[in-house]
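The data block below is final-v6.csv; it holds CSV, C-alpha atoms.
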```csv
chain,number,residue,atom,x,y,z
A,1,MET,CA,16.7,-52.0,-39.4
A,2,THR,CA,17.6,-55.7,-39.8
A,3,ALA,CA,16.1,-58.2,-37.3
A,4,VAL,CA,18.9,-59.8,-35.2
A,5,ARG,CA,18.9,-63.5,-35.2
A,6,SER,CA,22.6,-64.1,-34.7
A,7,THR,CA,24.9,-62.8,-32.2
A,8,ARG,CA,28.3,-61.6,-33.7
A,9,PHE,CA,28.7,-57.9,-33.9
A,10,HIS,CA,31.9,-56.2,-35.4
A,11,ILE,CA,32.3,-52.6,-34.2
A,12,VAL,CA,34.3,-50.2,-36.3
A,13,GLY,CA,35.6,-47.5,-33.8
A,14,ILE,CA,35.3,-49.7,-30.7
A,15,GLY,CA,37.8,-47.6,-28.7
A,16,GLY,CA,35.7,-44.5,-28.1
A,17,ALA,CA,33.4,-43.9,-25.1
A,18,GLY,CA,30.1,-44.3,-26.9
A,19,MET,CA,31.0,-47.4,-29.1
A,20,SER,CA,32.8,-49.2,-26.3
A,21,ALA,CA,29.6,-48.7,-24.2
A,22,VAL,CA,27.5,-50.2,-26.9
A,23,ALA,CA,30.0,-53.1,-27.1
A,24,ARG,CA,29.8,-53.6,-23.3
A,25,VAL,CA,26.0,-53.7,-23.2
A,26,LEU,CA,26.0,-56.2,-26.2
A,27,MET,CA,28.5,-58.4,-24.4
A,28,GLU,CA,26.4,-58.2,-21.2
A,29,ARG,CA,23.4,-59.5,-23.2
A,30,GLY,CA,25.4,-62.5,-24.5
A,31,HIS,CA,26.5,-61.3,-27.9
A,32,GLN,CA,29.9,-62.0,-29.3
A,33,ILE,CA,31.9,-58.8,-30.0
A,34,THR,CA,34.8,-58.1,-32.4
A,35,GLY,CA,36.0,-54.6,-33.2
A,36,SER,CA,38.8,-52.4,-34.2
A,37,ASP,CA,40.1,-48.9,-34.0
A,38,ASN,CA,43.3,-47.0,-34.9
A,39,GLY,CA,45.8,-47.4,-32.1
A,40,HIS,CA,45.6,-48.3,-28.5
A,41,TRP,CA,42.4,-47.4,-26.6
A,42,PRO,CA,42.1,-48.2,-22.9
A,43,LEU,CA,38.3,-48.8,-23.2
A,44,ALA,CA,38.9,-51.3,-26.0
A,45,GLU,CA,41.6,-53.0,-24.0
A,46,ALA,CA,39.1,-53.5,-21.1
A,47,LEU,CA,36.7,-55.1,-23.6
A,48,ALA,CA,39.4,-57.4,-24.8
A,49,ARG,CA,40.2,-58.5,-21.2
A,50,ASP,CA,36.5,-59.4,-20.9
A,51,GLY,CA,36.4,-61.5,-24.1
A,52,ALA,CA,36.0,-59.2,-27.1
A,53,ALA,CA,38.4,-59.7,-30.0
A,54,VAL,CA,39.9,-56.2,-30.5
A,55,HIS,CA,42.3,-55.1,-33.2
A,56,GLU,CA,44.4,-52.0,-33.1
A,57,ARG,CA,44.2,-51.3,-36.8
A,58,PHE,CA,41.6,-51.5,-39.5
A,59,SER,CA,41.6,-54.4,-42.0
A,60,ALA,CA,39.0,-55.9,-44.3
A,61,ASP,CA,40.1,-59.3,-42.9
A,62,HIS,CA,38.4,-58.4,-39.6
A,63,VAL,CA,34.8,-58.3,-41.1
A,64,PRO,CA,34.0,-61.8,-42.3
A,65,GLY,CA,32.1,-63.8,-39.8
A,66,ALA,CA,30.2,-60.8,-38.4
A,67,ASP,CA,26.4,-60.9,-38.6
A,68,ILE,CA,26.2,-57.1,-38.2
A,69,VAL,CA,28.8,-54.4,-38.5
A,70,ILE,CA,28.3,-51.3,-36.4
A,71,ARG,CA,30.2,-48.1,-37.3
A,72,SER,CA,31.0,-45.2,-35.2
A,73,SER,CA,30.1,-41.8,-36.6
A,74,ALA,CA,33.8,-41.1,-36.6
A,75,TYR,CA,34.2,-43.5,-39.5
A,76,LYS,CA,32.3,-43.2,-42.8
A,77,GLU,CA,31.6,-45.6,-45.7
A,78,ASP,CA,35.2,-45.1,-47.0
A,79,ASN,CA,36.6,-46.9,-43.9
A,80,VAL,CA,38.2,-50.2,-45.1
A,81,GLU,CA,36.1,-52.3,-42.8
A,82,VAL,CA,32.9,-50.6,-43.6
A,83,ARG,CA,33.6,-50.7,-47.3
A,84,ALA,CA,34.4,-54.5,-47.1
A,85,ALA,CA,31.1,-55.1,-45.2
A,86,LEU,CA,29.1,-53.2,-47.8
A,87,ASP,CA,30.9,-54.8,-50.7
A,88,ARG,CA,30.0,-58.2,-49.2
A,89,GLY,CA,26.3,-57.2,-48.8
A,90,MET,CA,26.6,-57.3,-45.0
A,91,THR,CA,24.3,-55.4,-42.7
A,92,VAL,CA,26.0,-52.2,-41.5
A,93,TRP,CA,24.4,-50.2,-38.7
A,94,LYS,CA,25.2,-46.7,-37.6
A,95,ARG,CA,25.6,-46.0,-33.9
A,96,GLU,CA,22.0,-44.9,-33.6
A,97,ASP,CA,20.8,-48.2,-35.1
A,98,ALA,CA,22.7,-50.0,-32.3
A,99,TRP,CA,21.1,-47.7,-29.7
A,100,ARG,CA,17.6,-48.5,-31.2
A,101,PHE,CA,18.3,-52.2,-31.0
A,102,LEU,CA,19.6,-52.0,-27.4
A,103,THR,CA,16.7,-49.9,-26.2
A,104,LYS,CA,13.8,-51.7,-28.0
A,105,GLY,CA,11.1,-52.4,-25.5
A,106,GLN,CA,13.0,-50.6,-22.7
A,107,ARG,CA,12.4,-47.4,-20.8
A,108,VAL,CA,15.1,-44.8,-21.7
A,109,VAL,CA,16.4,-41.9,-19.7
A,110,ALA,CA,18.4,-39.5,-22.0
A,111,ILE,CA,20.6,-36.7,-20.7
A,112,ALA,CA,21.3,-33.8,-23.0
A,113,GLY,CA,22.9,-30.4,-22.6
A,114,THR,CA,26.1,-28.5,-22.9
A,115,HIS,CA,28.0,-29.2,-19.7
A,116,GLY,CA,27.9,-32.0,-17.1
A,117,LYS,CA,26.1,-34.7,-19.2
A,118,SER,CA,28.5,-37.5,-18.4
A,119,THR,CA,28.5,-36.7,-14.7
A,120,THR,CA,24.7,-36.3,-14.6
A,121,THR,CA,24.2,-39.6,-16.5
A,122,ALA,CA,26.5,-41.5,-14.2
A,123,MET,CA,24.8,-40.1,-11.1
A,124,THR,CA,21.3,-40.9,-12.6
A,125,TRP,CA,22.5,-44.5,-13.3
A,126,LEU,CA,23.9,-44.9,-9.8
A,127,GLY,CA,20.6,-43.6,-8.3
A,128,LEU,CA,18.6,-46.0,-10.4
A,129,ARG,CA,20.8,-49.0,-9.4
A,130,ALA,CA,20.7,-48.0,-5.7
A,131,GLY,CA,16.9,-48.0,-6.0
A,132,GLY,CA,16.9,-51.5,-7.3
A,133,VAL,CA,16.4,-50.8,-11.0
A,134,ASP,CA,18.4,-53.1,-13.3
A,135,ALA,CA,19.6,-50.3,-15.5
A,136,SER,CA,22.2,-50.4,-18.3
A,137,LEU,CA,24.4,-47.4,-19.0
A,138,ILE,CA,25.6,-45.9,-22.3
A,139,CYS,CA,27.6,-42.8,-21.7
A,140,GLY,CA,29.9,-41.1,-24.1
```

Take the structure from the file and write it as structure tokens.
Amino acid sequence: MTAVRSTRFHIVGIGGAGMSAVARVLMERGHQITGSDNGHWPLAEALARDGAAVHERFSADHVPGADIVIRSSAYKEDNVEVRAALDRGMTVWKREDAWRFLTKGQRVVAIAGTHGKSTTTAMTWLGLRAGGVDASLICG
């Protein structure tokens, strides 16, 4: 994984629960966020209200200027933005690379299972916060 010295991330698939959570944590840590997804996504709209530059369609024009492009697992290398980044020799991370970056040197609580993961995750996070732990949340 590439060391991060700069702070502009472009997120392909920013509208989904998981990628919008990655974007939110990156923003909270002071990184600049741009991103796009097909259509209108309420979670992406919330990120835009808080300062992210969000586009409702994919375009190769959205990629220049990013230091690292992060792609959702919903979009593969044939996505126009991912392809543009790769053709330019830019660093492209998958979602798990972003998680690795966000959790480096941190304690992690992971919730897995078939049913109730989001509820259990949210309750765990609320309990940690109530106990004075400065915890981040990625759920989705």

Can you tell me, as a ChimeraX atom specification, what residues are no more than 10 Å from region 33-47 of chain A when counting all atoms listed in the file, ignoring any on the same chain fewer than 2 positions away? /A:7-17,19-21,23-24,26-27,30-31,49-59,62-63,65-66,69-72,75,81

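Between CA of Ala48 (chain A) and CA of Ile68 (chain A) the separation is 18.8 Å.
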
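Every protein, DNA or RNA residue with an atom at most 10 Å from region 122-129 of chain A, where only C-alpha atoms count and chain neighbours fewer than 3 positions away do not, is listed here: A:Val109, A:Ala110, A:Ile111, A:Lys117, A:Ser118, A:Thr119, A:Gly132, A:Val133, A:Asp134, A:Ala135, A:Ser136, A:Leu137, A:Ile138, A:Cys139.
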
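The space separating CA of Glu28 (chain A) from CA of Met90 (chain A) comes to 23.8 Å.
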
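Counting from CA of Gly18 (chain A), the distance to CA of Arg100 (chain A) is 13.9 Å.
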